[in-house]
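Trainee: Got a structure here, written out as structure tokens. Questions coming.
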Amino acid sequence: VPTIAPRFTLGALAEALGATVDGDASRVVTGVAPLESAGPDDIAFLIDARHGDAARASRAGAFLASPDAGALPAPALRCREPQQAVIDLLLLFHPRPTTIAGIDPSAVVAGDARVHPTASVGPLAVIGAAAIVGRDVRIHALAYVGAGVEVGEDSEIHPHAVLYHDVKIGRRVTVHAGAVIGGDGFGYVFDGRRHRKMPQVGTVVVEDDVEIGANTTIDRATLGITKIGAGTKIDNLVQVGHNVEVGEHSVLVAQVGVSGSSRLGRGVVLGGQVGVADHVTVGDGVMVGAQSGVHADVGGGAKLLGSPARPLMQAKRIMLTWDRLPDLVRTVRDLERRIAELERPGGARHEGRG
Amino acid sequence: VPTIAPRFTLGALAEALGATVDGDASRVVTGVAPLESAGPDDIAFLIDARHGDAARASRAGAFLASPDAGALPAPALRCREPQQAVIDLLLLFHPRPTTIAGIDPSAVVAGDARVHPTASVGPLAVIGAAAIVGRDVRIHALAYVGAGVEVGEDSEIHPHAVLYHDVKIGRRVTVHAGAVIGGDGFGYVFDGRRHRKMPQVGTVVVEDDVEIGANTTIDRATLGITKIGAGTKIDNLVQVGHNVEVGEHSVLVAQVGVSGSSRLGRGVVLGGQVGVADHVTVGDGVMVGAQSGVHADVGGGAKLLGSPARPLMQAKRIMLTWDRLPDLVRTVRDLERRIAELERPGGARHEGRG
Amino acid sequence: VPTIAPRFTLGALAEALGATVDGDASRVVTGVAPLESAGPDDIAFLIDARHGDAARASRAGAFLASPDAGALPAPALRCREPQQAVIDLLLLFHPRPTTIAGIDPSAVVAGDARVHPTASVGPLAVIGAAAIVGRDVRIHALAYVGAGVEVGEDSEIHPHAVLYHDVKIGRRVTVHAGAVIGGDGFGYVFDGRRHRKMPQVGTVVVEDDVEIGANTTIDRATLGITKIGAGTKIDNLVQVGHNVEVGEHSVLVAQVGVSGSSRLGRGVVLGGQVGVADHVTVGDGVMVGAQSGVHADVGGGAKLLGSPARPLMQAKRIMLTWDRLPDLVRTVRDLERRIAELERPGGARHEGRG
């Protein structure tokens with residue numbers, strides 16, 4: 001697909017982004033680049049004031065920065081919300097690739113699946129019986145959409161993603177490569193001799209505007225649903241157990257594990273490699289630091305750290321005292337000796353001490 | 001595939017489950033549902049006595065409960081082992097989907113592979129040279145069965161699962177989507193300049209009745225075999241290194257990692273995100289709490305927690321004392337001061353203290 | 001593919017490995033096996049002096065050992081670097097399978113992709129527009145090579161691996177099954193109402209001689225590149241975030257997570273399940289113990305352990321003192337009591353104590 005390289009004047013960009021131009025509005029830029037590697041045809045951006053020196057040393061032909069970011073060595077777009085403006089800037093230079101509607105002849109689509117004519121189904125993708133693929137959906141090569149699955153409009157399913165039967169995917173959802181949605185929950189009952197499998201006959205509902213990272217796994221419910229709330233973003237290699245409910249606009253960083261039947265509120269943020277035990281309720285807006293382990297219910301707004309997780313400030317205080325533990329042990333041993341000496345009948349007050 | 005909605009009288013269910021009916025045995029139910037969402041056509045179950053209030057408030061048309069679970073607002077099947085009975089109940093309402101024997105025309109099957117006529121091979125699956133697929137096996141769409149692999153009877157290989165060459169899979173094994181069995185073990189020898197790869201020429205043997213979760217990885221042995229014992233259940237995103245042996249009827253919860261050459265006994269339970277170091281022996285029946293790290297051999301029956309893992313009660317005691325550490329540091333500093341005062345020549349006994 | 005079973009005299013092996021024969025050089029061996037299971041036709045190897053007893057009890061027909069490994073019950077190849085020699089020995093007995101050049105008729109290759117005539121593309125693999133597949137490359141069944149991807153000569157891409165568009169893979173690289181290279185980095189800006197996605201328009205560069213484990217994920221950069229340095233080895237289920245740079249000859253053990261924009265130096269070793277926070281710099285040769293969490297910059301050569309990670313010796317000292325914490329709390333409480341007693345006006349020196 002031949003593409004035309006984008007070219008924009010700063011004036012045009014300012015109009016698109018709602019920015020003002022500080023300098024020559026007719027300057028043309030053809031790409032976005034980091035401060036360090038930008039050249040005279042690139043626009044670079046300064047979001048974090050700590051990068052001011054890098055900006056002043058940059059060879060960029062133009063900048064995007066906040067109004068109070070100080071003088072810059074080239075014309076600048078000044079925006080009140082420069083981080084938001086960078087998103088718009090990148091979308092201008094890297095528009096979403098146009099997809100060609102239709103089903104690749106090598107894809108295998110069940111006769112009773114309904115694929116919207118504007119949807120795209122890539123090479124060697126599989127669409128199961130009675131599945132529904134909505135308007136403008138992109139099913140990429142080698143993706144698997146099981147029987148009875150629904151994929152809402154404008155969603156994108158990347159190569160090798162697996163949607164087990166009957167899973168429901170909302171609108172504008174992105175499922176990255178290798179993610180598995182709707183595998184069996186992990187439930188067994190030991191009968192004294194062997195682990196008998198509890199049938200996992202529920203499903204998974206992924207609401208609108210969710211993004212699910214590569215090789216992440218979200219299990220179907222035993223009964224009922226495992227739910228990912230609208231607007232939630234899940235990174236790579238995350239595990240979400242059966243019957244879990246994740247609230248809206250939450251963020252699960254890579255390698256998080258949420259055990260069965262736990263409920264996360266709205267706007268929860270779990271740092272990388274965090275574990276949440278089963279049947280735990282985590283309130284709205286809770287933030288949990290990386291590698292922490294949440295074993296009990298947590299009220300809304302809490303900030304937690306550690307395994308087991310504690311309130312953030314307490315956890316930090318504890319971790320600081322760890323460094324003093326070896327000394328503390330020695331000190332206490334010394335105090336014991338000195339007290340025993342003081343207690344000795346007729347015992348000494350040491351001369352020349354203290 | 002049109003399916004007939006199941007309909008059972010409580011009497012029929014009681015006979016199938018070996019239960020007694022407490023109430024109207026002619027009542028008909030058409031589904032199983034959780035206490036909270038069950039309607040008058042559903043049977044709900046009460047396993048955990050703590051859910052008694054939910055049961056008494058439930059709109060379910062019938063219940064499954066233990067004989068001593070108290071009065072319930074609708075007819076009930078009473079069973080001595082209600083949790084086991086729920087499995088049978090779910091299997092009655094959700095029988096295993098019938099699979100159509102035969103090889104999908106889009107699958108690619110090597111000429112010398114032997115696929116049993118009762119087996120099912122889905123669309124775009126790949127079966128390599130000399131592979132053997134047993135009676136009643138289901139190889140789902142887009143699964144990869146490498147050269148020389150054997151899959152025992154009644155096993156199920158889900159979409160995108162990968163069985164590298166020569167791996168042996170037992171009977172009634174389930175391999176979930178995206179799991180990778182038989183990738184190279186992680187072994188290198190540094191020659192002063194670079195890491196030289198140790199060839200990984202062993203294989204993996206998965207015994208009967210094992211379940212392997214989505215996107216889990218089990219590496220082939222350097223020499224010999226990596227073995228997963230009969231009846232063992234492995235959750236999603238678990239890593240099992242080369243030459244590991246996992247005993248029978250063990251349970252590895254999501255995101256566990258077992259390093260090379262370690263041996264787990266029979267009936268071992270590793271909680272989520274647990275790590276086991278290499279060349280470690282873990283005895284029969286050992287239980288390890290979530291996020292723990294096992295660095296040394298563990299005798300049979302131990303219960304462990306923490307990183308590094310310690311006996312459970314000791315680990316809990318330690319974690320409780322962490323909360324008192326900041327106070328402890330302050331107290332010791334105060335004691336030091338007071339002892340120095342006591343030691344002072346002619347030193348004070350403080351009036352009015354203690 | 002019929003293969004001829006290998007047969008070597010010890011004399012021939014000695015010549016190939018640069019070893020000397022201690023015993024009958026005409027003895028023939030047909031396989032390599034571990035000390036415990038080797039039979040009279042096998043050669044076994046003794047690398048670790050602690051396995052001397054196992055070697056002396058072994059039924060192996062021959063051994064490979066260091067010159068100073070002591071007497072052995074069968075002829076032996078003596079090598080100065082036995083561990084290196086084992087690699088060569090295994091390669092002699094298990095030569096790389098010959099691959100048949102050419103594109104399987106079931107693969108889907110874009111018209112403008114360039115696949116070298118010596119490369120092999122397996123069944124149902126997908127090669128996207130304008131991709132370049134180099135000399136002697138093996139693209140296995142069901143692998144996905146996105147548009148604009150380059151795969152350098154002699155590299156191997158295993159089944160179900162996914163290379164998103166424009167990713168660059170060097171020479172002699174191995175990408176194991178299910179690995180995902182070039183998925184979107186995890187970046188959002190909250191606009192007060194929802195998380196807006198930061199477009200991820202950079203890419204991933206994997207340099208020569210890298211190995212990437214099964215189901216590992218390496219995200220593309222927001223802008224610029226995520227880079228894996230030459231000779232680096234990455235185990236299974238590892239997460240590498242956007243804009244990360246991993247230096248040459250580093251080792252990332254299974255389930256490691258490296259957050260966005262962090263830089264690892266040359267020869268860094270991260271143990272299993274280690275987490276590295278974002279924007280952290282880890283110097284050359286740093287070694288981090290399993291399950292540790294690296295939250296701040298680390299100078300070259302450091303050895304770290306713990307979460308948060310501390311210098312190894314300090315971390316070990318701290319972990320040892322944890323075991324004494326419950327006693328320490330009791331001791332301090334006792335000391336407090338005794339000091340209060342000493343401080344009591346006219347207070348006691350206890351008779352018969354100490």
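How things are named: the first chain in the structure tokens is A, the next is B, and so on; residues count from 1 in each chain; ligands count from 1 in the order shown.
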At a cut-off of 6 Å, using only C-alpha atoms, what residues contact stretch 265-282 of chain B? Leave out same-chain residues fewer than 2 positions from it and give the result as a VMD selection string.
Mentor: chain B and resid 247 to 263 284 to 298
Trainee: Kindly determine which residues of chain A lie within 6 Å of chain C, considering only C-alpha atoms, and give the answer as a list in words.
Mentor: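 Residues passing the distance filter: Ile87, Ala340, Glu343 and Pro345 of chain A.
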Trainee: Store the residues picked out above, limited to N, CA, C and O atoms, as a short mmCIF file (atom, residue, chain, number, x, y, z; two decimals), in the first residue's frame.
Mentor:
data_model
loop_
_atom_site.label_atom_id
_atom_site.label_comp_id
_atom_site.auth_asym_id
_atom_site.auth_seq_id
_atom_site.Cartn_x
_atom_site.Cartn_y
_atom_site.Cartn_z
N ILE A 87 -0.94 13.17 21.77
CA ILE A 87 -1.78 12.09 21.21
C ILE A 87 -2.35 12.53 19.86
O ILE A 87 -2.24 11.82 18.85
N ALA A 340 21.64 -6.39 82.24
CA ALA A 340 22.00 -7.46 83.18
C ALA A 340 23.08 -6.96 84.13
O ALA A 340 23.05 -7.23 85.34
N GLU A 343 21.59 -4.74 86.62
CA GLU A 343 20.76 -5.46 87.58
C GLU A 343 21.58 -6.27 88.57
O GLU A 343 21.05 -6.78 89.56
N PRO A 345 23.53 -7.59 91.56
CA PRO A 345 23.51 -7.07 92.94
C PRO A 345 24.81 -6.31 93.18
O PRO A 345 25.89 -6.81 92.86
#
Trainee: In Å, rounded to a single decimal, give me how far atom CA of A:Pro159 is from atom CA of C:His165.
Mentor: 11.2 Å
Trainee: If we count only C-alpha atoms and set the cut-off at 8 Å, which residues sit around C:Ala69, ignoring sequence neighbours fewer than 2 positions away in its own chain? Please answer as a ChimeraX atom specification.
Mentor: /C:46,49,52,65-67,71
Trainee: Keeping only N, CA, C and O atoms, take the residues you just selected and write them out as a PDB file, in the first residue's frame.
Mentor:
ATOM      1  N   LEU C  46      30.162 -35.926  33.120  1.00  0.00           N
ATOM      2  CA  LEU C  46      30.359 -35.554  34.518  1.00  0.00           C
ATOM      3  C   LEU C  46      30.932 -34.141  34.526  1.00  0.00           C
ATOM      4  O   LEU C  46      32.104 -33.935  34.223  1.00  0.00           O
ATOM      5  N   ALA C  49      31.553 -31.920  40.088  1.00  0.00           N
ATOM      6  CA  ALA C  49      32.268 -32.909  40.906  1.00  0.00           C
ATOM      7  C   ALA C  49      31.335 -33.584  41.916  1.00  0.00           C
ATOM      8  O   ALA C  49      31.561 -34.723  42.325  1.00  0.00           O
ATOM      9  N   GLY C  52      30.156 -37.157  41.285  1.00  0.00           N
ATOM     10  CA  GLY C  52      31.170 -38.208  41.125  1.00  0.00           C
ATOM     11  C   GLY C  52      30.649 -39.593  41.497  1.00  0.00           C
ATOM     12  O   GLY C  52      30.917 -40.573  40.788  1.00  0.00           O
ATOM     13  N   ALA C  65      34.478 -36.029  30.709  1.00  0.00           N
ATOM     14  CA  ALA C  65      34.772 -35.444  32.021  1.00  0.00           C
ATOM     15  C   ALA C  65      36.024 -34.588  31.917  1.00  0.00           C
ATOM     16  O   ALA C  65      36.737 -34.612  30.902  1.00  0.00           O
ATOM     17  N   SER C  66      36.275 -33.815  32.960  1.00  0.00           N
ATOM     18  CA  SER C  66      37.490 -33.006  32.976  1.00  0.00           C
ATOM     19  C   SER C  66      38.674 -33.914  33.318  1.00  0.00           C
ATOM     20  O   SER C  66      38.501 -35.005  33.871  1.00  0.00           O
ATOM     21  N   PRO C  67      39.894 -33.484  32.986  1.00  0.00           N
ATOM     22  CA  PRO C  67      41.081 -34.316  33.255  1.00  0.00           C
ATOM     23  C   PRO C  67      41.222 -34.675  34.734  1.00  0.00           C
ATOM     24  O   PRO C  67      41.724 -35.753  35.068  1.00  0.00           O
ATOM     25  N   ALA C  71      39.031 -41.359  38.580  1.00  0.00           N
ATOM     26  CA  ALA C  71      38.835 -42.606  37.836  1.00  0.00           C
ATOM     27  C   ALA C  71      37.350 -42.810  37.546  1.00  0.00           C
ATOM     28  O   ALA C  71      36.497 -42.453  38.352  1.00  0.00           O
TER      29      ALA C  71
END
Trainee: At a cut-off of 10 Å, using only C-alpha atoms, what residues contact B:Arg27? Leave out same-chain residues fewer than 2 positions from it and give the result as a PyMOL selection string.
Mentor: chain B and resi 8-12+23-25+29+41+61-62+74-75
Trainee: Using N, CA, C and O atoms, can you write the selected residues to a file as a tab-separated table (two decimals), in the first residue's frame?
Mentor:
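Saved result, selection_9.tsv, follows:
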chain	number	residue	atom	x	y	z
B	8	PHE	N	-35.41	-30.81	33.73
B	8	PHE	CA	-35.36	-31.94	34.65
B	8	PHE	C	-36.32	-31.71	35.81
B	8	PHE	O	-36.42	-30.59	36.31
B	9	THR	N	-36.99	-32.78	36.24
B	9	THR	CA	-37.72	-32.68	37.51
B	9	THR	C	-36.71	-32.88	38.64
B	9	THR	O	-35.65	-33.49	38.45
B	10	LEU	N	-37.05	-32.37	39.79
B	10	LEU	CA	-36.16	-32.57	40.95
B	10	LEU	C	-36.03	-34.07	41.25
B	10	LEU	O	-34.96	-34.54	41.65
B	11	GLY	N	-37.09	-34.80	41.03
B	11	GLY	CA	-37.04	-36.24	41.26
B	11	GLY	C	-35.99	-36.90	40.39
B	11	GLY	O	-35.18	-37.71	40.86
B	12	ALA	N	-35.98	-36.52	39.09
B	12	ALA	CA	-35.00	-37.10	38.18
B	12	ALA	C	-33.59	-36.70	38.59
B	12	ALA	O	-32.65	-37.51	38.55
B	23	GLY	N	-39.21	-31.59	49.54
B	23	GLY	CA	-40.25	-30.78	48.90
B	23	GLY	C	-40.81	-31.47	47.67
B	23	GLY	O	-40.72	-32.70	47.55
B	24	ASP	N	-41.33	-30.67	46.75
B	24	ASP	CA	-42.07	-31.17	45.59
B	24	ASP	C	-41.12	-31.75	44.53
B	24	ASP	O	-40.46	-31.00	43.80
B	25	ALA	N	-41.11	-33.09	44.42
B	25	ALA	CA	-40.18	-33.76	43.50
B	25	ALA	C	-40.58	-33.58	42.05
B	25	ALA	O	-39.80	-33.85	41.14
B	29	VAL	N	-36.89	-27.81	36.64
B	29	VAL	CA	-35.91	-26.73	36.51
B	29	VAL	C	-35.23	-26.86	35.15
B	29	VAL	O	-35.08	-27.96	34.62
B	41	ASP	N	-37.19	-20.81	37.42
B	41	ASP	CA	-36.93	-22.01	36.64
B	41	ASP	C	-35.54	-22.57	36.90
B	41	ASP	O	-35.15	-23.57	36.30
B	61	GLY	N	-35.99	-21.46	41.98
B	61	GLY	CA	-37.10	-22.40	42.03
B	61	GLY	C	-36.77	-23.66	42.80
B	61	GLY	O	-37.68	-24.40	43.20
B	62	ALA	N	-35.50	-23.92	42.99
B	62	ALA	CA	-35.06	-25.09	43.76
B	62	ALA	C	-33.63	-24.88	44.20
B	62	ALA	O	-32.94	-23.98	43.71
B	74	ALA	N	-37.56	-22.93	48.91
B	74	ALA	CA	-38.08	-23.69	47.77
B	74	ALA	C	-37.63	-25.13	47.95
B	74	ALA	O	-36.76	-25.42	48.77
B	75	PRO	N	-38.18	-26.04	47.15
B	75	PRO	CA	-37.76	-27.44	47.28
B	75	PRO	C	-36.25	-27.58	47.12
B	75	PRO	O	-35.62	-26.81	46.38
Trainee: Just give me the gap between atom CA of C:Asn243 and atom CA of C:Ala302 in Å, one decimal is fine.
Mentor: 23.4 Å
Trainee: To test your reading of the structure, identify every residue in stretch 49-279 of chain A that backbone DSSP assigns to helix (DSSP H, G or I), and report it as a list in words.
Mentor: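 DSSP-assigned helix (DSSP H, G or I) residues in stretch 49-279 of chain A: Ala49, Arg50, His51, Gly52, Asp53, Ala54, Ala55, Arg56, Ala57, Pro82, Gln83, Gln84, Ala85, Val86, Ile87, Asp88, Leu89, Leu90, Leu91, Leu92 and Phe93 of chain A.
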Trainee: Residues as selected, C-alpha atoms, written as an mmCIF file, in the first residue's frame, can you do that?
Mentor:
data_model
loop_
_atom_site.group_PDB
_atom_site.id
_atom_site.type_symbol
_atom_site.label_atom_id
_atom_site.label_comp_id
_atom_site.auth_asym_id
_atom_site.auth_seq_id
_atom_site.Cartn_x
_atom_site.Cartn_y
_atom_site.Cartn_z
ATOM 1 C CA ALA A 49 10.080 20.098 32.714
ATOM 2 C CA ARG A 50 13.040 17.901 33.678
ATOM 3 C CA HIS A 51 13.776 17.451 29.965
ATOM 4 C CA GLY A 52 14.244 21.210 29.434
ATOM 5 C CA ASP A 53 17.971 20.837 28.858
ATOM 6 C CA ALA A 54 17.425 18.086 26.299
ATOM 7 C CA ALA A 55 14.917 20.344 24.548
ATOM 8 C CA ARG A 56 17.301 23.292 24.433
ATOM 9 C CA ALA A 57 20.007 20.990 22.991
ATOM 10 C CA PRO A 82 0.662 19.185 25.923
ATOM 11 C CA GLN A 83 0.349 15.483 26.785
ATOM 12 C CA GLN A 84 -3.137 15.311 25.288
ATOM 13 C CA ALA A 85 -1.895 17.300 22.291
ATOM 14 C CA VAL A 86 0.891 14.761 21.674
ATOM 15 C CA ILE A 87 -1.778 12.094 21.206
ATOM 16 C CA ASP A 88 -3.513 14.217 18.587
ATOM 17 C CA LEU A 89 -0.184 15.088 16.963
ATOM 18 C CA LEU A 90 0.795 11.407 16.657
ATOM 19 C CA LEU A 91 -2.609 10.545 15.226
ATOM 20 C CA LEU A 92 -2.149 13.232 12.559
ATOM 21 C CA PHE A 93 1.227 11.825 11.524
#
Trainee: Kindly indicate which residue among C:Ala14, C:Leu305, C:Asp22, C:Leu72 lies nearest to C:Leu35, using only C-alpha atoms for the distances.
Mentor: C:Leu72
Trainee: List as a list in words the protein and nucleic acid residues near A:Val206, meaning an atom at most 9 Å away when only C-alpha atoms are counted, but skip any in the same chain fewer than 4 places from it.
Mentor: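 Counting only C-alpha atoms, the residues come to Val167, Lys168, Ile169, Gly170, Val173, Val210, Thr226, Lys227, Ile228, Gly229 and Ala230 of chain A.
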Trainee: Quick check, in Å to one decimal: how far apart do atom CA of C:Val137 and atom CA of C:Thr98 lie?
Mentor: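 Those two atoms sit 11.9 Å apart.
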